[in-house]
file coords_7.pdb (PDB, C-alpha atoms)
ATOM      1  CA  MET D   1     155.450  15.818 -16.559  1.00  0.00           C
ATOM      2  CA  CYS D   2     157.787  17.727 -14.287  1.00  0.00           C
ATOM      3  CA  PRO D   3     157.438  21.511 -14.192  1.00  0.00           C
ATOM      4  CA  THR D   4     160.305  23.425 -15.751  1.00  0.00           C
ATOM      5  CA  ASN D   5     162.512  25.792 -13.800  1.00  0.00           C
ATOM      6  CA  THR D   6     160.742  28.708 -15.495  1.00  0.00           C
ATOM      7  CA  THR D   7     157.321  27.418 -14.425  1.00  0.00           C
ATOM      8  CA  VAL D   8     158.473  26.923 -10.826  1.00  0.00           C
ATOM      9  CA  ALA D   9     159.974  30.409 -10.730  1.00  0.00           C
ATOM     10  CA  THR D  10     156.722  31.877 -12.120  1.00  0.00           C
ATOM     11  CA  MET D  11     154.633  30.025  -9.521  1.00  0.00           C
ATOM     12  CA  ARG D  12     156.886  31.186  -6.705  1.00  0.00           C
ATOM     13  CA  ALA D  13     156.735  34.772  -7.937  1.00  0.00           C
ATOM     14  CA  ALA D  14     152.922  34.598  -8.106  1.00  0.00           C
ATOM     15  CA  HIS D  15     152.795  33.146  -4.589  1.00  0.00           C
ATOM     16  CA  ARG D  16     155.069  35.908  -3.245  1.00  0.00           C
ATOM     17  CA  ALA D  17     152.959  38.564  -4.969  1.00  0.00           C
ATOM     18  CA  LYS D  18     149.792  37.095  -3.433  1.00  0.00           C
ATOM     19  CA  ARG D  19     151.329  36.987   0.051  1.00  0.00           C
ATOM     20  CA  THR D  20     152.600  40.555  -0.330  1.00  0.00           C
ATOM     21  CA  GLU D  21     149.130  41.760  -1.343  1.00  0.00           C
ATOM     22  CA  GLN D  22     147.519  39.908   1.577  1.00  0.00           C
ATOM     23  CA  GLU D  23     150.013  41.453   3.990  1.00  0.00           C
ATOM     24  CA  ARG D  24     149.417  44.916   2.494  1.00  0.00           C
ATOM     25  CA  LYS D  25     145.648  44.557   2.951  1.00  0.00           C
ATOM     26  CA  ARG D  26     146.109  43.214   6.479  1.00  0.00           C
ATOM     27  CA  ALA D  27     148.321  46.175   7.427  1.00  0.00           C
ATOM     28  CA  GLN D  28     145.894  48.567   5.745  1.00  0.00           C
ATOM     29  CA  GLY D  29     142.978  47.115   7.695  1.00  0.00           C
ATOM     30  CA  PHE D  30     144.904  47.192  10.971  1.00  0.00           C
ATOM     31  CA  ASN D  31     146.007  50.814  10.544  1.00  0.00           C
ATOM     32  CA  GLY D  32     142.464  51.790   9.558  1.00  0.00           C
ATOM     33  CA  ALA D  33     141.067  50.159  12.717  1.00  0.00           C
ATOM     34  CA  LEU D  34     143.735  51.857  14.847  1.00  0.00           C
ATOM     35  CA  ASP D  35     142.850  55.260  13.355  1.00  0.00           C
ATOM     36  CA  LYS D  36     139.187  54.548  14.057  1.00  0.00           C
ATOM     37  CA  LEU D  37     140.024  53.647  17.657  1.00  0.00           C
ATOM     38  CA  LYS D  38     141.869  56.986  18.017  1.00  0.00           C
ATOM     39  CA  GLU D  39     138.640  58.783  17.073  1.00  0.00           C
ATOM     40  CA  HIS D  40     136.893  57.177  20.058  1.00  0.00           C
ATOM     41  CA  MET D  41     139.441  58.400  22.594  1.00  0.00           C
ATOM     42  CA  PRO D  42     138.594  61.357  24.892  1.00  0.00           C
ATOM     43  CA  ILE D  43     141.257  63.515  23.188  1.00  0.00           C
ATOM     44  CA  LEU D  44     139.186  66.119  21.385  1.00  0.00           C
ATOM     45  CA  GLY D  45     140.778  67.459  18.212  1.00  0.00           C
ATOM     46  CA  HIS D  46     144.135  65.837  18.990  1.00  0.00           C
ATOM     47  CA  ASN D  47     143.462  62.140  18.309  1.00  0.00           C
ATOM     48  CA  LYS D  48     145.508  62.096  15.083  1.00  0.00           C
ATOM     49  CA  LYS D  49     148.585  63.162  17.065  1.00  0.00           C
ATOM     50  CA  LEU D  50     148.153  60.345  19.589  1.00  0.00           C
ATOM     51  CA  SER D  51     150.874  57.696  19.220  1.00  0.00           C
ATOM     52  CA  LYS D  52     149.949  54.060  18.562  1.00  0.00           C
ATOM     53  CA  ILE D  53     150.998  52.840  21.988  1.00  0.00           C
ATOM     54  CA  ASP D  54     149.261  55.748  23.741  1.00  0.00           C
ATOM     55  CA  THR D  55     146.111  54.909  21.765  1.00  0.00           C
ATOM     56  CA  LEU D  56     146.126  51.322  23.057  1.00  0.00           C
ATOM     57  CA  ARG D  57     146.910  52.329  26.640  1.00  0.00           C
ATOM     58  CA  LEU D  58     144.295  55.086  26.651  1.00  0.00           C
ATOM     59  CA  ALA D  59     141.726  52.632  25.238  1.00  0.00           C
ATOM     60  CA  ILE D  60     142.402  50.324  28.214  1.00  0.00           C
ATOM     61  CA  ASN D  61     142.176  53.240  30.653  1.00  0.00           C
ATOM     62  CA  TYR D  62     139.018  54.590  29.019  1.00  0.00           C
ATOM     63  CA  ILE D  63     137.301  51.184  29.273  1.00  0.00           C
ATOM     64  CA  ASN D  64     138.310  50.975  32.956  1.00  0.00           C
ATOM     65  CA  ALA D  65     136.979  54.478  33.624  1.00  0.00           C
ATOM     66  CA  LEU D  66     133.664  53.792  31.865  1.00  0.00           C
ATOM     67  CA  GLN D  67     133.258  50.544  33.818  1.00  0.00           C
ATOM     68  CA  GLN D  68     133.873  52.339  37.108  1.00  0.00           C
ATOM     69  CA  MET D  69     131.362  55.027  36.152  1.00  0.00           C
ATOM     70  CA  LEU D  70     128.805  52.288  35.406  1.00  0.00           C
ATOM     71  CA  GLU D  71     129.438  50.482  38.690  1.00  0.00           C
ATOM     72  CA  SER D  72     129.247  53.651  40.776  1.00  0.00           C
ATOM     73  CA  ASP D  73     126.027  54.458  42.633  1.00  0.00           C
ATOM     74  CA  GLN D  74     126.542  58.157  41.907  1.00  0.00           C
ATOM     75  CA  GLU D  75     126.956  59.966  38.619  1.00  0.00           C
ATOM     76  CA  SER D  76     130.511  61.034  37.853  1.00  0.00           C
ATOM     77  CA  THR D  77     132.503  62.637  35.060  1.00  0.00           C
ATOM     78  CA  LEU D  78     135.656  61.630  33.204  1.00  0.00           C
ATOM     79  CA  GLN D  79     137.496  64.420  35.012  1.00  0.00           C
ATOM     80  CA  GLU D  80     136.900  62.555  38.280  1.00  0.00           C
ATOM     81  CA  HIS D  81     138.602  59.483  36.778  1.00  0.00           C
ATOM     82  CA  VAL D  82     141.589  61.321  35.350  1.00  0.00           C
ATOM     83  CA  HIS D  83     144.145  59.234  37.262  1.00  0.00           C
ATOM     84  CA  ILE D  84     142.770  56.103  35.625  1.00  0.00           C
ATOM     85  CA  LEU D  85     142.830  57.729  32.193  1.00  0.00           C
ATOM     86  CA  GLU D  86     146.451  58.915  32.561  1.00  0.00           C
ATOM     87  CA  GLU D  87     147.914  55.599  33.710  1.00  0.00           C
ATOM     88  CA  GLY D  88     150.903  54.507  31.637  1.00  0.00           C
ATOM     89  CA  LEU D  89     150.601  57.316  29.068  1.00  0.00           C
ATOM     90  CA  SER D  90     153.529  59.350  27.773  1.00  0.00           C
ATOM     91  CA  ASN D  91     153.877  62.950  28.927  1.00  0.00           C
ATOM     92  CA  LYS D  92     152.611  64.066  25.520  1.00  0.00           C
ATOM     93  CA  GLY D  93     149.539  61.845  25.858  1.00  0.00           C
ATOM     94  CA  ILE D  94     148.840  63.135  29.370  1.00  0.00           C
ATOM     95  CA  MET D  95     149.118  66.758  28.210  1.00  0.00           C
ATOM     96  CA  MET D  96     146.723  66.147  25.300  1.00  0.00           C
ATOM     97  CA  LEU D  97     144.263  64.460  27.666  1.00  0.00           C
ATOM     98  CA  ALA D  98     144.515  67.251  30.241  1.00  0.00           C
ATOM     99  CA  LYS D  99     143.872  69.867  27.549  1.00  0.00           C
ATOM    100  CA  SER D 100     140.800  67.996  26.293  1.00  0.00           C
ATOM    101  CA  LEU D 101     139.377  67.614  29.821  1.00  0.00           C
ATOM    102  CA  ASN D 102     140.327  71.181  30.838  1.00  0.00           C
ATOM    103  CA  LEU D 103     142.607  69.970  33.596  1.00  0.00           C
ATOM    104  CA  PRO D 104     145.857  71.496  34.905  1.00  0.00           C
ATOM    105  CA  VAL D 105     149.023  69.868  33.579  1.00  0.00           C
ATOM    106  CA  ALA D 106     151.465  68.651  36.228  1.00  0.00           C
ATOM    107  CA  VAL D 107     153.877  66.473  34.286  1.00  0.00           C
ATOM    108  CA  ASP D 108     157.458  66.842  33.170  1.00  0.00           C
ATOM    109  CA  THR D 109     157.228  67.994  29.565  1.00  0.00           C
ATOM    110  CA  VAL D 110     160.526  66.420  28.513  1.00  0.00           C
ATOM    111  CA  GLU D 111     159.891  64.086  25.596  1.00  0.00           C
ATOM    112  CA  VAL D 112     160.043  60.446  26.667  1.00  0.00           C
ATOM    113  CA  ASP D 113     161.124  57.317  24.872  1.00  0.00           C
ATOM    114  CA  PRO D 114     158.592  56.152  22.234  1.00  0.00           C
ATOM    115  CA  GLN D 115     157.532  53.101  24.227  1.00  0.00           C
ATOM    116  CA  HIS D 116     157.463  55.108  27.504  1.00  0.00           C
ATOM    117  CA  THR D 117     159.811  52.769  29.339  1.00  0.00           C
ATOM    118  CA  SER D 118     163.212  53.364  30.819  1.00  0.00           C
ATOM    119  CA  SER D 119     165.608  52.508  28.026  1.00  0.00           C
ATOM    120  CA  SER D 120     169.016  53.107  29.533  1.00  0.00           C
ATOM    121  CA  SER D 121     170.634  50.095  27.862  1.00  0.00           C
ATOM    122  CA  TYR D 122     171.631  50.605  24.268  1.00  0.00           C
ATOM    123  CA  PRO D 123     174.322  48.764  22.343  1.00  0.00           C
ATOM    124  CA  SER D 124     177.684  50.003  23.580  1.00  0.00           C
ATOM    125  CA  THR D 125     179.860  51.643  20.967  1.00  0.00           C
ATOM    126  CA  SER D 126     183.560  50.974  20.962  1.00  0.00           C
ATOM    127  CA  SER D 127     186.157  53.278  19.466  1.00  0.00           C
ATOM    128  CA  SER D 128     186.357  50.964  16.454  1.00  0.00           C
ATOM    129  CA  THR D 129     182.633  51.291  15.663  1.00  0.00           C
ATOM    130  CA  SER D 130     181.779  53.843  13.011  1.00  0.00           C
ATOM    131  CA  PRO D 131     179.210  56.565  13.884  1.00  0.00           C
ATOM    132  CA  GLN D 132     176.888  55.249  11.147  1.00  0.00           C
ATOM    133  CA  ALA D 133     176.960  51.702  12.530  1.00  0.00           C
ATOM    134  CA  ALA D 134     176.391  52.954  16.079  1.00  0.00           C
ATOM    135  CA  HIS D 135     173.433  55.037  14.893  1.00  0.00           C
ATOM    136  CA  ARG D 136     171.931  52.060  13.056  1.00  0.00           C
ATOM    137  CA  ALA D 137     172.369  49.841  16.112  1.00  0.00           C
ATOM    138  CA  LYS D 138     170.676  52.420  18.323  1.00  0.00           C
ATOM    139  CA  ARG D 139     167.764  52.847  15.896  1.00  0.00           C
ATOM    140  CA  THR D 140     167.363  49.066  15.638  1.00  0.00           C
ATOM    141  CA  GLU D 141     167.250  48.723  19.424  1.00  0.00           C
ATOM    142  CA  GLN D 142     164.735  51.572  19.701  1.00  0.00           C
ATOM    143  CA  GLU D 143     162.520  49.982  17.049  1.00  0.00           C
ATOM    144  CA  ARG D 144     162.732  46.601  18.789  1.00  0.00           C
ATOM    145  CA  LYS D 145     161.647  48.127  22.099  1.00  0.00           C
ATOM    146  CA  ARG D 146     158.908  50.136  20.399  1.00  0.00           C
ATOM    147  CA  ALA D 147     157.484  46.984  18.789  1.00  0.00           C
ATOM    148  CA  GLN D 148     157.820  45.135  22.093  1.00  0.00           C
ATOM    149  CA  GLY D 149     155.930  47.862  23.941  1.00  0.00           C
ATOM    150  CA  PHE D 150     153.216  48.017  21.284  1.00  0.00           C
ATOM    151  CA  ASN D 151     152.634  44.251  21.302  1.00  0.00           C
ATOM    152  CA  SER D 152     152.565  44.241  25.105  1.00  0.00           C
ATOM    153  CA  ALA D 153     149.921  47.005  25.127  1.00  0.00           C
ATOM    154  CA  LEU D 154     147.875  45.136  22.499  1.00  0.00           C
ATOM    155  CA  ASP D 155     147.969  41.953  24.603  1.00  0.00           C
ATOM    156  CA  LYS D 156     146.861  43.989  27.627  1.00  0.00           C
ATOM    157  CA  LEU D 157     143.984  45.452  25.623  1.00  0.00           C
ATOM    158  CA  LYS D 158     142.894  41.916  24.673  1.00  0.00           C
ATOM    159  CA  GLU D 159     142.579  41.085  28.378  1.00  0.00           C
ATOM    160  CA  HIS D 160     140.013  43.870  28.766  1.00  0.00           C
ATOM    161  CA  MET D 161     137.727  42.570  26.012  1.00  0.00           C
ATOM    162  CA  PRO D 162     134.455  40.787  26.963  1.00  0.00           C
ATOM    163  CA  ILE D 163     135.732  37.493  25.487  1.00  0.00           C
ATOM    164  CA  LEU D 164     136.103  35.328  28.558  1.00  0.00           C
ATOM    165  CA  GLY D 165     138.837  32.723  28.294  1.00  0.00           C
ATOM    166  CA  HIS D 166     139.334  33.354  24.567  1.00  0.00           C
ATOM    167  CA  ASN D 167     141.042  36.769  24.455  1.00  0.00           C
ATOM    168  CA  LYS D 168     144.433  35.301  23.468  1.00  0.00           C
ATOM    169  CA  LYS D 169     142.862  33.847  20.319  1.00  0.00           C
ATOM    170  CA  LEU D 170     141.479  37.232  19.260  1.00  0.00           C
ATOM    171  CA  SER D 171     143.236  38.645  16.186  1.00  0.00           C
ATOM    172  CA  LYS D 172     144.897  42.064  16.307  1.00  0.00           C
ATOM    173  CA  ILE D 173     142.331  43.739  14.070  1.00  0.00           C
ATOM    174  CA  ASP D 174     139.397  42.125  15.897  1.00  0.00           C
ATOM    175  CA  THR D 175     140.890  43.375  19.168  1.00  0.00           C
ATOM    176  CA  LEU D 176     140.882  46.969  17.896  1.00  0.00           C
ATOM    177  CA  LYS D 177     137.389  46.707  16.430  1.00  0.00           C
ATOM    178  CA  LEU D 178     135.978  45.083  19.555  1.00  0.00           C
ATOM    179  CA  ALA D 179     137.614  47.781  21.701  1.00  0.00           C
ATOM    180  CA  ILE D 180     135.741  50.424  19.664  1.00  0.00           C
ATOM    181  CA  ASN D 181     132.485  48.481  19.961  1.00  0.00           C
ATOM    182  CA  TYR D 182     132.977  47.871  23.681  1.00  0.00           C
ATOM    183  CA  ILE D 183     133.546  51.582  24.319  1.00  0.00           C
ATOM    184  CA  ASN D 184     130.399  52.383  22.315  1.00  0.00           C
ATOM    185  CA  ALA D 185     128.375  49.803  24.258  1.00  0.00           C
ATOM    186  CA  LEU D 186     129.614  51.094  27.639  1.00  0.00           C
ATOM    187  CA  GLN D 187     128.779  54.655  26.598  1.00  0.00           C
ATOM    188  CA  GLN D 188     125.269  53.563  25.539  1.00  0.00           C
ATOM    189  CA  MET D 189     124.782  51.828  28.885  1.00  0.00           C
ATOM    190  CA  LEU D 190     125.895  54.994  30.709  1.00  0.00           C
ATOM    191  CA  GLU D 191     123.589  57.223  28.681  1.00  0.00           C
ATOM    192  CA  SER D 192     120.562  54.973  29.156  1.00  0.00           C
ATOM    193  CA  ASP D 193     117.972  55.844  31.804  1.00  0.00           C
ATOM    194  CA  GLN D 194     117.535  52.155  32.575  1.00  0.00           C
ATOM    195  CA  GLU D 195     120.065  49.530  33.584  1.00  0.00           C
ATOM    196  CA  SER D 196     121.072  47.226  30.771  1.00  0.00           C
ATOM    197  CA  THR D 197     123.455  44.336  30.128  1.00  0.00           C
ATOM    198  CA  LEU D 198     126.079  43.709  27.481  1.00  0.00           C
ATOM    199  CA  GLN D 199     123.779  41.084  25.957  1.00  0.00           C
ATOM    200  CA  GLU D 200     121.305  43.842  25.141  1.00  0.00           C
ATOM    201  CA  HIS D 201     124.080  45.630  23.224  1.00  0.00           C
ATOM    202  CA  ALA D 202     125.219  42.547  21.298  1.00  0.00           C
ATOM    203  CA  HIS D 203     124.728  44.159  17.877  1.00  0.00           C
ATOM    204  CA  THR D 204     126.935  47.080  18.918  1.00  0.00           C
ATOM    205  CA  LEU D 205     129.640  44.702  20.169  1.00  0.00           C
ATOM    206  CA  GLU D 206     129.573  42.532  17.020  1.00  0.00           C
ATOM    207  CA  GLU D 207     129.803  45.321  14.445  1.00  0.00           C
ATOM    208  CA  GLY D 208     132.557  44.750  11.880  1.00  0.00           C
ATOM    209  CA  LEU D 209     134.059  41.691  13.594  1.00  0.00           C
ATOM    210  CA  SER D 210     135.115  38.510  11.808  1.00  0.00           C
ATOM    211  CA  ASN D 211     132.857  35.471  12.068  1.00  0.00           C
ATOM    212  CA  LYS D 212     135.388  33.799  14.380  1.00  0.00           C
ATOM    213  CA  ALA D 213     135.348  36.750  16.787  1.00  0.00           C
ATOM    214  CA  ILE D 214     131.536  36.938  16.705  1.00  0.00           C
ATOM    215  CA  MET D 215     131.344  33.274  17.674  1.00  0.00           C
ATOM    216  CA  MET D 216     133.827  33.819  20.526  1.00  0.00           C
ATOM    217  CA  LEU D 217     131.815  36.820  21.734  1.00  0.00           C
ATOM    218  CA  ALA D 218     128.519  34.936  21.475  1.00  0.00           C
ATOM    219  CA  LYS D 219     129.971  32.067  23.510  1.00  0.00           C
ATOM    220  CA  SER D 220     131.197  34.450  26.216  1.00  0.00           C
ATOM    221  CA  LEU D 221     127.832  36.235  26.417  1.00  0.00           C
ATOM    222  CA  ASN D 222     125.788  32.997  26.144  1.00  0.00           C
ATOM    223  CA  LEU D 223     124.166  34.119  22.910  1.00  0.00           C
ATOM    224  CA  PRO D 224     122.998  31.930  20.006  1.00  0.00           C
ATOM    225  CA  VAL D 225     125.343  31.935  17.022  1.00  0.00           C
ATOM    226  CA  ALA D 226     123.857  32.501  13.567  1.00  0.00           C
ATOM    227  CA  VAL D 227     126.842  33.319  11.390  1.00  0.00           C
ATOM    228  CA  ASP D 228     128.549  31.545   8.521  1.00  0.00           C
ATOM    229  CA  THR D 229     131.716  30.026   9.981  1.00  0.00           C
ATOM    230  CA  VAL D 230     133.720  30.301   6.753  1.00  0.00           C
ATOM    231  CA  GLU D 231     136.964  32.181   7.440  1.00  0.00           C
ATOM    232  CA  VAL D 232     136.736  35.775   6.235  1.00  0.00           C
ATOM    233  CA  ASP D 233     139.287  38.182   4.829  1.00  0.00           C
ATOM    234  CA  PRO D 234     141.969  39.261   7.376  1.00  0.00           C
ATOM    235  CA  GLN D 235     140.671  42.813   7.643  1.00  0.00           C
ATOM    236  CA  HIS D 236     137.057  41.649   8.081  1.00  0.00           C
ATOM    237  CA  THR D 237     135.613  44.393   5.918  1.00  0.00           C
ATOM    238  CA  SER D 238     132.515  42.432   4.906  1.00  0.00           C
ATOM    239  CA  SER D 239     130.737  41.243   8.037  1.00  0.00           C
ATOM    240  CA  SER D 240     127.103  42.166   7.654  1.00  0.00           C
ATOM    241  CA  SER D 241     125.635  39.124   9.427  1.00  0.00           C
ATOM    242  CA  TYR D 242     125.627  38.973  13.211  1.00  0.00           C
ATOM    243  CA  PRO D 243     124.200  36.567  15.764  1.00  0.00           C
ATOM    244  CA  SER D 244     120.589  37.242  16.680  1.00  0.00           C
ATOM    245  CA  THR D 245     119.628  37.437  20.344  1.00  0.00           C
ATOM    246  CA  SER D 246     116.598  35.531  21.579  1.00  0.00           C
ATOM    247  CA  SER D 247     114.325  36.533  24.415  1.00  0.00           C
ATOM    248  CA  SER D 248     115.168  33.289  26.203  1.00  0.00           C
ATOM    249  CA  THR D 249     118.793  34.281  26.653  1.00  0.00           C
ATOM    250  CA  SER D 250     119.625  34.772  30.309  1.00  0.00           C
ATOM    251  CA  PRO D 251     121.223  38.209  30.865  1.00  0.00           C
ATOM    252  CA  GLN D 252     124.707  38.352  32.323  1.00  0.00           C
ATOM    253  CA  ARG D 253     126.354  41.511  33.621  1.00  0.00           C
ATOM    254  CA  PHE D 254     130.118  42.092  33.331  1.00  0.00           C
TER     255      PHE D 254
END
call {"tool": "encode", "arguments": {"input": "coords_7.pdb", "output": "structure tokens"}}
result
Amino acid sequence: MCPTNTTVATMRAAHRAKRTEQERKRAQGFNGALDKLKEHMPILGHNKKLSKIDTLRLAINYINALQQMLESDQESTLQEHVHILEEGLSNKGIMMLAKSLNLPVAVDTVEVDPQHTSSSSYPSTSSSTSPQAAHRAKRTEQERKRAQGFNSALDKLKEHMPILGHNKKLSKIDTLKLAINYINALQQMLESDQESTLQEHAHTLEEGLSNKAIMMLAKSLNLPVAVDTVEVDPQHTSSSSYPSTSSSTSPQRF
């Protein structure tokens, strides 16, 4: 028996509603992870004002600074790595960072373009184009460049994750969550009196990740995998099981 037009329309409406709800939850999870990442940035009391793209770029810079501090034979402070921390940030981001680290500000305070790139080319407006249409075209171009800059920064952040050879397969939300975990692990390694490896901080690195990401991480760190491989919800809110580490695992420093 063939479905009626009414039945088909109802099924399509239900499918659209389901997809809309999934997308809403995915966006909610992503924004929640991004807000959480902001809280881990060295911008005391100002992290909520940090733009999305500055958050991603500062996360990259912060990871680089922490790695350099770990590799150094002498103890150092974040202030001594300020040039690494400032790289690629907007003037506003640099000023917030300088204030948090009690450093002098030596940047031009003119507000820059949202994606912090030179955007001299906008759609040209002819005399026949209405002001409203020109404004819409300009806003559309700005939004396109903003999204382009954000995605580029997210891809760059993926490259800094301890997922060797698999970073391109890492989902957006797993990238943000792993960035938080990686920063926490690097901080723990810095604060420890004894040298340690990332393998010894596996539980910190795995926290909140999807099963797929945990398996990728375990493979990169040569750890045994003990997770259910069933695909989890896009925002990975329920991930209580992580791979266990055995004493036979050979340590590997990154």
call {"tool": "atom_distance", "arguments": {"input": "coords_7.pdb", "atom1": "CA of Ser100 (chain D)", "atom2": "CA of Asp193 (chain D)"}}
result
26.4 Å
call {"tool": "resolve_selection", "arguments": {"input": "coords_7.pdb", "expression": "the PyMOL selection byres ((chain D and resi 32) around 12)", "output": "mmCIF file with C-alpha atoms, keeping the file's coordinate frame"}}
result
data_model
loop_
_atom_site.group_PDB
_atom_site.id
_atom_site.type_symbol
_atom_site.label_atom_id
_atom_site.label_comp_id
_atom_site.auth_asym_id
_atom_site.auth_seq_id
_atom_site.Cartn_x
_atom_site.Cartn_y
_atom_site.Cartn_z
ATOM 1 C CA LYS D 25 145.648 44.557 2.951
ATOM 2 C CA ARG D 26 146.109 43.214 6.479
ATOM 3 C CA ALA D 27 148.321 46.175 7.427
ATOM 4 C CA GLN D 28 145.894 48.567 5.745
ATOM 5 C CA GLY D 29 142.978 47.115 7.695
ATOM 6 C CA PHE D 30 144.904 47.192 10.971
ATOM 7 C CA ASN D 31 146.007 50.814 10.544
ATOM 8 C CA ALA D 33 141.067 50.159 12.717
ATOM 9 C CA LEU D 34 143.735 51.857 14.847
ATOM 10 C CA ASP D 35 142.850 55.260 13.355
ATOM 11 C CA LYS D 36 139.187 54.548 14.057
ATOM 12 C CA LEU D 37 140.024 53.647 17.657
ATOM 13 C CA LYS D 38 141.869 56.986 18.017
ATOM 14 C CA GLU D 39 138.640 58.783 17.073
ATOM 15 C CA LYS D 52 149.949 54.060 18.562
ATOM 16 C CA ILE D 173 142.331 43.739 14.070
ATOM 17 C CA ASP D 174 139.397 42.125 15.897
ATOM 18 C CA LEU D 176 140.882 46.969 17.896
ATOM 19 C CA LYS D 177 137.389 46.707 16.430
ATOM 20 C CA GLN D 235 140.671 42.813 7.643
ATOM 21 C CA HIS D 236 137.057 41.649 8.081
ATOM 22 C CA THR D 237 135.613 44.393 5.918
#
call {"tool": "resolve_selection", "arguments": {"input": "coords_7.pdb", "expression": "the PyMOL selection byres ((chain D and resi 163) around 9)", "output": "list in words"}}
result
Lys158, Glu159, His160, Met161, Pro162, Leu164, Gly165, His166, Asn167, Leu170, Ala213, Met216, Leu217, Ala218, Lys219, Ser220 and Leu221 of chain D
call {"tool": "atom_distance", "arguments": {"input": "coords_7.pdb", "atom1": "CA of Asn47 (chain D)", "atom2": "CA of Asn91 (chain D)"}}
result
14.9 Å
call {"tool": "atom_distance", "arguments": {"input": "coords_7.pdb", "atom1": "CA of Thr197 (chain D)", "atom2": "CA of His83 (chain D)"}}
result
26.5 Å
